[in-house]
>>> print(open('query_10.cif').read())   # mmCIF, C-alpha atoms
data_run
loop_
_atom_site.group_PDB
_atom_site.id
_atom_site.type_symbol
_atom_site.label_atom_id
_atom_site.label_comp_id
_atom_site.auth_asym_id
_atom_site.auth_seq_id
_atom_site.Cartn_x
_atom_site.Cartn_y
_atom_site.Cartn_z
ATOM 1 C CA MET N 1 12.239 27.112 -30.918
ATOM 2 C CA ASP N 2 11.017 29.245 -33.816
ATOM 3 C CA LYS N 3 7.981 31.457 -33.189
ATOM 4 C CA LYS N 4 6.042 29.739 -36.001
ATOM 5 C CA LYS N 5 6.574 26.205 -34.679
ATOM 6 C CA VAL N 6 4.483 26.695 -31.536
ATOM 7 C CA SER N 7 0.779 26.627 -32.353
ATOM 8 C CA LEU N 8 -1.623 28.944 -30.591
ATOM 9 C CA TRP N 9 -3.556 25.894 -29.411
ATOM 10 C CA THR N 10 -0.372 24.439 -27.869
ATOM 11 C CA LEU N 11 0.272 27.723 -26.059
ATOM 12 C CA PHE N 12 -3.307 27.854 -24.777
ATOM 13 C CA TRP N 13 -3.376 24.183 -23.744
ATOM 14 C CA THR N 14 0.025 24.293 -22.023
ATOM 15 C CA PHE N 15 -0.867 27.323 -19.939
ATOM 16 C CA ALA N 16 -4.375 26.000 -19.255
ATOM 17 C CA LYS N 17 -2.732 22.888 -17.758
ATOM 18 C CA VAL N 18 -0.596 25.148 -15.587
ATOM 19 C CA GLY N 19 -3.665 27.108 -14.534
ATOM 20 C CA VAL N 20 -5.785 24.060 -13.721
ATOM 21 C CA MET N 21 -3.049 22.273 -11.765
ATOM 22 C CA THR N 22 -2.299 25.149 -9.437
ATOM 23 C CA PHE N 23 -3.964 26.168 -6.229
ATOM 24 C CA GLY N 24 -2.786 29.112 -4.182
ATOM 25 C CA GLY N 25 -2.066 31.894 -6.629
ATOM 26 C CA GLY N 26 0.793 33.051 -8.802
ATOM 27 C CA TYR N 27 3.711 31.919 -6.668
ATOM 28 C CA ALA N 28 2.347 28.393 -6.396
ATOM 29 C CA MET N 29 2.408 28.221 -10.201
ATOM 30 C CA LEU N 30 6.145 28.848 -10.407
ATOM 31 C CA PRO N 31 7.327 25.228 -10.067
ATOM 32 C CA ILE N 32 4.698 24.032 -12.543
ATOM 33 C CA LEU N 33 5.623 26.779 -15.010
ATOM 34 C CA GLN N 34 9.282 25.829 -14.659
ATOM 35 C CA ARG N 35 8.533 22.168 -15.327
ATOM 36 C CA GLU N 36 6.266 22.867 -18.321
ATOM 37 C CA VAL N 37 8.102 25.640 -20.173
ATOM 38 C CA VAL N 38 11.731 24.841 -19.338
ATOM 39 C CA GLU N 39 11.949 21.097 -18.776
ATOM 40 C CA ALA N 40 9.077 19.676 -20.850
ATOM 41 C CA ARG N 41 8.887 22.090 -23.784
ATOM 42 C CA GLY N 42 12.229 23.932 -23.818
ATOM 43 C CA TRP N 43 10.502 27.212 -24.632
ATOM 44 C CA THR N 44 12.800 29.154 -22.335
ATOM 45 C CA THR N 45 15.861 28.661 -20.158
ATOM 46 C CA GLU N 46 16.001 28.739 -16.356
ATOM 47 C CA GLU N 47 17.712 32.132 -16.539
ATOM 48 C CA GLN N 48 15.104 33.603 -18.892
ATOM 49 C CA LEU N 49 12.304 32.247 -16.702
ATOM 50 C CA MET N 50 13.865 33.919 -13.642
ATOM 51 C CA ASP N 51 14.023 37.168 -15.622
ATOM 52 C CA TYR N 52 10.335 36.770 -16.508
ATOM 53 C CA TYR N 53 9.551 36.173 -12.819
ATOM 54 C CA ALA N 54 11.439 39.321 -11.825
ATOM 55 C CA ILE N 55 9.741 41.452 -14.458
ATOM 56 C CA GLY N 56 6.391 39.826 -13.691
ATOM 57 C CA GLN N 57 6.813 40.783 -10.046
ATOM 58 C CA CYS N 58 7.372 44.433 -10.967
ATOM 59 C CA THR N 59 4.463 44.752 -13.372
ATOM 60 C CA PRO N 60 0.814 44.977 -12.373
ATOM 61 C CA GLY N 61 -0.990 41.662 -12.140
ATOM 62 C CA VAL N 62 -0.333 38.131 -11.007
ATOM 63 C CA ILE N 63 3.247 36.937 -11.516
ATOM 64 C CA ALA N 64 2.225 33.675 -13.238
ATOM 65 C CA VAL N 65 -0.131 35.477 -15.610
ATOM 66 C CA ASN N 66 2.561 38.014 -16.466
ATOM 67 C CA THR N 67 5.084 35.226 -16.998
ATOM 68 C CA ALA N 68 2.671 33.342 -19.265
ATOM 69 C CA THR N 69 2.157 36.538 -21.250
ATOM 70 C CA PHE N 70 5.914 37.046 -21.674
ATOM 71 C CA ILE N 71 6.497 33.452 -22.781
ATOM 72 C CA GLY N 72 3.529 33.458 -25.159
ATOM 73 C CA GLN N 73 4.734 36.721 -26.668
ATOM 74 C CA SER N 74 8.246 35.337 -27.095
ATOM 75 C CA LYS N 75 6.880 32.292 -28.963
ATOM 76 C CA ARG N 76 4.165 33.857 -31.158
ATOM 77 C CA GLY N 77 4.215 37.620 -30.720
ATOM 78 C CA ILE N 78 1.362 39.678 -29.312
ATOM 79 C CA LEU N 79 -1.295 37.112 -30.229
ATOM 80 C CA GLY N 80 0.762 34.404 -28.498
ATOM 81 C CA GLY N 81 0.931 36.538 -25.355
ATOM 82 C CA ILE N 82 -2.831 36.989 -25.376
ATOM 83 C CA VAL N 83 -3.494 33.287 -25.980
ATOM 84 C CA ALA N 84 -1.065 32.170 -23.235
ATOM 85 C CA THR N 85 -2.664 34.637 -20.816
ATOM 86 C CA LEU N 86 -6.149 33.386 -21.654
ATOM 87 C CA GLY N 87 -4.926 29.814 -21.228
ATOM 88 C CA VAL N 88 -3.516 30.356 -17.757
ATOM 89 C CA VAL N 89 -6.584 32.193 -16.436
ATOM 90 C CA PHE N 90 -9.320 30.163 -18.170
ATOM 91 C CA PRO N 91 -9.316 27.216 -15.722
ATOM 92 C CA SER N 92 -9.468 29.585 -12.746
ATOM 93 C CA LEU N 93 -12.427 31.413 -14.217
ATOM 94 C CA VAL N 94 -14.312 28.162 -14.752
ATOM 95 C CA ILE N 95 -13.411 26.701 -11.354
ATOM 96 C CA ILE N 96 -14.155 29.923 -9.464
ATOM 97 C CA SER N 97 -17.489 30.278 -11.213
ATOM 98 C CA ILE N 98 -18.492 26.757 -10.185
ATOM 99 C CA LEU N 99 -17.125 27.061 -6.640
ATOM 100 C CA ALA N 100 -18.717 30.443 -6.059
ATOM 101 C CA GLY N 101 -22.080 28.834 -6.544
ATOM 102 C CA LEU N 102 -21.267 25.954 -4.215
ATOM 103 C CA ILE N 103 -19.011 27.423 -1.538
ATOM 104 C CA SER N 104 -21.613 29.570 0.141
ATOM 105 C CA ASN N 105 -23.719 26.438 0.678
ATOM 106 C CA PHE N 106 -20.900 24.368 2.202
ATOM 107 C CA SER N 107 -18.421 26.816 3.780
ATOM 108 C CA HIS N 108 -19.821 26.216 7.256
ATOM 109 C CA LEU N 109 -18.916 22.502 7.178
ATOM 110 C CA VAL N 110 -15.906 21.530 9.279
ATOM 111 C CA TRP N 111 -14.442 19.227 6.619
ATOM 112 C CA VAL N 112 -14.515 22.074 4.050
ATOM 113 C CA LYS N 113 -12.677 24.371 6.487
ATOM 114 C CA ASN N 114 -10.126 21.615 7.184
ATOM 115 C CA ALA N 115 -9.631 20.960 3.474
ATOM 116 C CA PHE N 116 -8.822 24.626 2.887
ATOM 117 C CA ALA N 117 -6.386 24.594 5.822
ATOM 118 C CA GLY N 118 -4.611 21.593 4.290
ATOM 119 C CA ILE N 119 -4.479 23.232 0.868
ATOM 120 C CA GLN N 120 -2.911 26.366 2.397
ATOM 121 C CA VAL N 121 -0.138 24.280 3.978
ATOM 122 C CA CYS N 122 0.503 22.523 0.673
ATOM 123 C CA VAL N 123 0.708 25.854 -1.147
ATOM 124 C CA CYS N 124 3.287 27.086 1.372
ATOM 125 C CA VAL N 125 5.450 24.037 0.657
ATOM 126 C CA LEU N 126 5.134 24.542 -3.118
ATOM 127 C CA ILE N 127 6.158 28.173 -2.792
ATOM 128 C CA PHE N 128 9.069 27.235 -0.515
ATOM 129 C CA ASN N 129 10.282 24.641 -3.059
ATOM 130 C CA ALA N 130 10.097 27.219 -5.864
ATOM 131 C CA VAL N 131 12.094 29.692 -3.767
ATOM 132 C CA VAL N 132 14.774 27.096 -2.981
ATOM 133 C CA LYS N 133 15.074 26.208 -6.686
ATOM 134 C CA LEU N 134 15.371 29.854 -7.676
ATOM 135 C CA LEU N 135 17.855 30.485 -4.871
ATOM 136 C CA LYS N 136 20.143 27.689 -6.070
ATOM 137 C CA LYS N 137 20.117 29.090 -9.613
ATOM 138 C CA SER N 138 20.422 32.750 -8.626
ATOM 139 C CA VAL N 139 22.961 32.939 -5.804
ATOM 140 C CA ILE N 140 26.010 31.750 -7.690
ATOM 141 C CA ASP N 141 28.842 33.829 -6.255
ATOM 142 C CA LYS N 142 29.715 36.331 -3.523
ATOM 143 C CA PRO N 143 28.199 39.406 -5.236
ATOM 144 C CA THR N 144 24.865 37.654 -5.794
ATOM 145 C CA ALA N 145 24.948 36.346 -2.206
ATOM 146 C CA VAL N 146 25.427 39.921 -0.952
ATOM 147 C CA ILE N 147 22.527 41.142 -3.097
ATOM 148 C CA PHE N 148 20.370 38.262 -1.824
ATOM 149 C CA GLY N 149 21.223 39.056 1.797
ATOM 150 C CA LEU N 150 20.491 42.754 1.401
ATOM 151 C CA VAL N 151 17.183 42.149 -0.377
ATOM 152 C CA LEU N 152 16.183 39.562 2.238
ATOM 153 C CA LEU N 153 16.938 41.965 5.081
ATOM 154 C CA GLY N 154 15.264 44.820 3.235
ATOM 155 C CA GLY N 155 12.178 42.693 2.647
ATOM 156 C CA ILE N 156 11.986 41.830 6.334
ATOM 157 C CA PHE N 157 12.673 45.277 7.798
ATOM 158 C CA LEU N 158 11.537 47.778 5.150
ATOM 159 C CA ASP N 159 8.081 48.496 3.830
ATOM 160 C CA LEU N 160 9.017 48.962 0.160
ATOM 161 C CA SER N 161 7.330 47.863 -3.033
ATOM 162 C CA PRO N 162 8.897 44.719 -4.559
ATOM 163 C CA ALA N 163 9.552 46.813 -7.664
ATOM 164 C CA TRP N 164 12.088 48.871 -5.711
ATOM 165 C CA PHE N 165 13.912 45.747 -4.601
ATOM 166 C CA VAL N 166 14.120 44.513 -8.192
ATOM 167 C CA ILE N 167 15.336 47.885 -9.479
ATOM 168 C CA LEU N 168 17.906 48.253 -6.694
ATOM 169 C CA ALA N 169 19.061 44.629 -7.031
ATOM 170 C CA GLY N 170 19.452 45.090 -10.788
ATOM 171 C CA ALA N 171 21.506 48.231 -10.265
ATOM 172 C CA ALA N 172 23.601 46.475 -7.610
ATOM 173 C CA GLY N 173 24.160 43.550 -9.970
ATOM 174 C CA ILE N 174 25.381 45.878 -12.696
ATOM 175 C CA LEU N 175 27.696 47.722 -10.303
ATOM 176 C CA LEU N 176 29.098 44.611 -8.609
ATOM 177 C CA LYS N 177 29.656 42.682 -11.835
ATOM 178 C CA ASN N 178 31.312 45.708 -13.505
ATOM 179 C CA TRP N 179 33.517 46.183 -10.452
ATOM 180 C CA GLU N 180 34.399 42.483 -10.550
ATOM 181 C CA VAL N 181 35.361 42.705 -14.254
ATOM 182 C CA LYS N 182 37.484 45.839 -13.695
ATOM 183 C CA LYS N 183 39.229 44.167 -10.748
ATOM 184 C CA LYS N 184 40.405 41.332 -13.007
#
>>> encode(input="query_10.cif", output="structure tokens")
Amino acid sequence: MDKKKVSLWTLFWTFAKVGVMTFGGGYAMLPILQREVVEARGWTTEEQLMDYYAIGQCTPGVIAVNTATFIGQSKRGILGGIVATLGVVFPSLVIISILAGLISNFSHLVWVKNAFAGIQVCVCVLIFNAVVKLLKKSVIDKPTAVIFGLVLLGGIFLDLSPAWFVILAGAAGILLKNWEVKKK
């Protein structure tokens, strides 16, 4: 889609819907982002969205906010990036402001504690579903399976920044794919 065909209001509204429909932080937004920007609007492809996720993980800030910024920028330039970012965080700002005033009055109630426990479980399932979807799209051959396995093991046993895993996985991808091409 051409940069001029996506209005700033559409960018803001789309990402505000993502922001208001998500509980649990940036990773919980991933399946909703995928549905909105890939399936519903066609603003990006699955592969581009995975690239945005990877870059968003390496840059400071919340992954969903970074991803919204990248997509907004790709559709309408710098102003689009700003508008998409404002859209995705606006609902959270409003909701948090309202809840902050109320939560201190009701946090001692058992049903409030139980509700938050249930929401946490739901968020775990949403994140798991996003990971499974990304896994199916990312691990497509033996070299990518090896990279996945090494990053998984490294994530479990090493105390490294996620940025290092992305950098090393990118380098491994370049090396393995070049080796694969030369072998043919």
>>> residues_around(input="query_10.cif", residues="Pro162 (chain N)", least_positions_apart="4", cutoff="12 Å", atoms="all atoms listed in the file", output="list in words")
Tyr53, Ala54, Ile55, Gly56, Gln57, Cys58, Thr59, Pro60, Ile63, Val151, Leu152, Gly154, Gly155, Ile156, Leu158, Val166, Ile167, Leu168 and Ala169 of chain N
>>> atom_distance(input="query_10.cif", atom1="CA of Leu33 (chain N)", atom2="CA of Ser74 (chain N)")
15.0 Å
>>> atom_distance(input="query_10.cif", atom1="CA of Val37 (chain N)", atom2="CA of Trp13 (chain N)")
12.1 Å
>>> resolve_selection(input="query_10.cif", expression="the PyMOL selection byres ((chain N and resi 109-123) around 12)", output="PyMOL selection string")
chain N and resi 21-31+102-108+124-130
>>> residues_around(input="query_10.cif", residues="Trp43 (chain N)", least_positions_apart="3", cutoff="10 Å", atoms="all atoms listed in the file", output="compact mmCIF listing (two decimals) with C-alpha atoms, in the coordinates of the input")
# COMPACT_ATOMS: atom_id res chain seq x y z
CA MET N 1 12.24 27.11 -30.92
CA ASP N 2 11.02 29.24 -33.82
CA LYS N 3 7.98 31.46 -33.19
CA VAL N 6 4.48 26.70 -31.54
CA GLU N 36 6.27 22.87 -18.32
CA VAL N 37 8.10 25.64 -20.17
CA VAL N 38 11.73 24.84 -19.34
CA GLU N 39 11.95 21.10 -18.78
CA ALA N 40 9.08 19.68 -20.85
CA GLN N 48 15.10 33.60 -18.89
CA LEU N 49 12.30 32.25 -16.70
CA ILE N 71 6.50 33.45 -22.78
CA GLY N 72 3.53 33.46 -25.16
CA SER N 74 8.25 35.34 -27.10
CA LYS N 75 6.88 32.29 -28.96
>>> residues_around(input="query_10.cif", residues="Val65 (chain N)", least_positions_apart="2", cutoff="10 Å", atoms="only C-alpha atoms", output="PyMOL selection string")
chain N and resi 15+19+25-26+29+56+61-63+67-71+81+84-89
>>> closest_residue(input="query_10.cif", among="N:Ser161, N:Gly170, N:Glu180, N:Ala64", to="Pro143 (chain N)", atoms="all atoms listed in the file")
N:Glu180
>>> closest_residue(input="query_10.cif", among="N:Val18, N:Ala172, N:Met50, N:Leu99", to="Phe148 (chain N)", atoms="all atoms listed in the file")
N:Ala172
>>> atom_distance(input="query_10.cif", atom1="CA of Val139 (chain N)", atom2="CA of Asp159 (chain N)")
23.6 Å
>>> closest_residue(input="query_10.cif", among="N:Lys136, N:Lys142, N:Lys184, N:Arg76", to="Phe12 (chain N)", atoms="only C-alpha atoms")
N:Arg76
>>> residues_around(input="query_10.cif", residues="Lys137 (chain N)", least_positions_apart="4", cutoff="8 Å", atoms="all atoms listed in the file", output="MDAnalysis selection string")
chainID N and resid 46:47 133
>>> closest_residue(input="query_10.cif", among="N:Val132, N:Ala16, N:Leu11, N:Ile140", to="Phe90 (chain N)", atoms="all atoms listed in the file")
N:Ala16
>>> build_atoms(input="query_10.cif", residues="region 46-57 of chain N", atoms="all heavy atoms", output="short mmCIF file (atom, residue, chain, number, x, y, z; two decimals), in the coordinates of the input")
data_model
loop_
_atom_site.label_atom_id
_atom_site.label_comp_id
_atom_site.auth_asym_id
_atom_site.auth_seq_id
_atom_site.Cartn_x
_atom_site.Cartn_y
_atom_site.Cartn_z
N GLU N 46 16.19 28.40 -17.78
CA GLU N 46 16.00 28.74 -16.36
C GLU N 46 16.27 30.23 -16.12
O GLU N 46 15.53 30.89 -15.40
CB GLU N 46 16.96 27.92 -15.47
CG GLU N 46 16.68 26.45 -15.42
CD GLU N 46 15.68 26.09 -14.34
OE1 GLU N 46 15.32 26.96 -13.52
OE2 GLU N 46 15.25 24.93 -14.34
N GLU N 47 17.34 30.74 -16.74
CA GLU N 47 17.71 32.13 -16.54
C GLU N 47 16.65 33.07 -17.10
O GLU N 47 16.29 34.07 -16.47
CB GLU N 47 19.08 32.42 -17.18
CG GLU N 47 20.24 31.71 -16.51
CD GLU N 47 20.33 30.21 -16.85
OE1 GLU N 47 19.80 29.78 -17.90
OE2 GLU N 47 20.91 29.47 -16.05
N GLN N 48 16.15 32.77 -18.31
CA GLN N 48 15.10 33.60 -18.89
C GLN N 48 13.84 33.56 -18.04
O GLN N 48 13.19 34.59 -17.84
CB GLN N 48 14.77 33.14 -20.31
CG GLN N 48 15.85 33.42 -21.32
CD GLN N 48 15.59 32.73 -22.64
OE1 GLN N 48 15.10 31.59 -22.68
NE2 GLN N 48 15.89 33.41 -23.73
N LEU N 49 13.49 32.38 -17.53
CA LEU N 49 12.30 32.25 -16.70
C LEU N 49 12.45 33.08 -15.42
O LEU N 49 11.50 33.74 -15.00
CB LEU N 49 12.04 30.78 -16.37
CG LEU N 49 10.71 30.48 -15.68
CD1 LEU N 49 9.53 30.91 -16.55
CD2 LEU N 49 10.61 29.01 -15.35
N MET N 50 13.64 33.09 -14.83
CA MET N 50 13.86 33.92 -13.64
C MET N 50 13.73 35.40 -13.99
O MET N 50 13.20 36.18 -13.20
CB MET N 50 15.22 33.61 -13.02
CG MET N 50 15.22 32.29 -12.27
SD MET N 50 16.73 31.99 -11.36
CE MET N 50 17.80 31.45 -12.68
N ASP N 51 14.20 35.78 -15.18
CA ASP N 51 14.02 37.17 -15.62
C ASP N 51 12.54 37.50 -15.78
O ASP N 51 12.08 38.56 -15.37
CB ASP N 51 14.76 37.42 -16.94
CG ASP N 51 16.26 37.39 -16.80
OD1 ASP N 51 16.76 37.51 -15.66
OD2 ASP N 51 16.95 37.22 -17.83
N TYR N 52 11.78 36.57 -16.37
CA TYR N 52 10.34 36.77 -16.51
C TYR N 52 9.68 36.91 -15.14
O TYR N 52 8.79 37.74 -14.96
CB TYR N 52 9.68 35.62 -17.27
CG TYR N 52 10.05 35.52 -18.73
CD1 TYR N 52 10.14 34.29 -19.36
CD2 TYR N 52 10.29 36.65 -19.51
CE1 TYR N 52 10.46 34.17 -20.70
CE2 TYR N 52 10.62 36.55 -20.86
CZ TYR N 52 10.70 35.31 -21.44
OH TYR N 52 11.01 35.21 -22.76
N TYR N 53 10.10 36.07 -14.18
CA TYR N 53 9.55 36.17 -12.82
C TYR N 53 9.83 37.55 -12.24
O TYR N 53 8.95 38.17 -11.64
CB TYR N 53 10.17 35.14 -11.88
CG TYR N 53 9.80 33.70 -12.12
CD1 TYR N 53 10.57 32.69 -11.56
CD2 TYR N 53 8.70 33.32 -12.87
CE1 TYR N 53 10.26 31.36 -11.73
CE2 TYR N 53 8.38 31.99 -13.06
CZ TYR N 53 9.16 31.01 -12.49
OH TYR N 53 8.85 29.70 -12.67
N ALA N 54 11.06 38.02 -12.40
CA ALA N 54 11.44 39.32 -11.82
C ALA N 54 10.63 40.45 -12.46
O ALA N 54 10.09 41.31 -11.76
CB ALA N 54 12.93 39.56 -12.02
N ILE N 55 10.51 40.42 -13.78
CA ILE N 55 9.74 41.45 -14.46
C ILE N 55 8.27 41.31 -14.10
O ILE N 55 7.58 42.30 -13.86
CB ILE N 55 9.95 41.37 -15.99
CG1 ILE N 55 11.41 41.70 -16.33
CG2 ILE N 55 9.02 42.34 -16.71
CD1 ILE N 55 11.79 41.37 -17.76
N GLY N 56 7.79 40.08 -14.05
CA GLY N 56 6.39 39.83 -13.69
C GLY N 56 6.05 40.31 -12.30
O GLY N 56 4.93 40.73 -12.03
N GLN N 57 7.01 40.29 -11.41
CA GLN N 57 6.81 40.78 -10.05
C GLN N 57 6.69 42.30 -10.03
O GLN N 57 5.98 42.86 -9.20
CB GLN N 57 7.98 40.34 -9.15
CG GLN N 57 7.86 40.78 -7.72
CD GLN N 57 6.71 40.12 -7.00
OE1 GLN N 57 6.49 38.93 -7.15
NE2 GLN N 57 5.96 40.88 -6.24
#
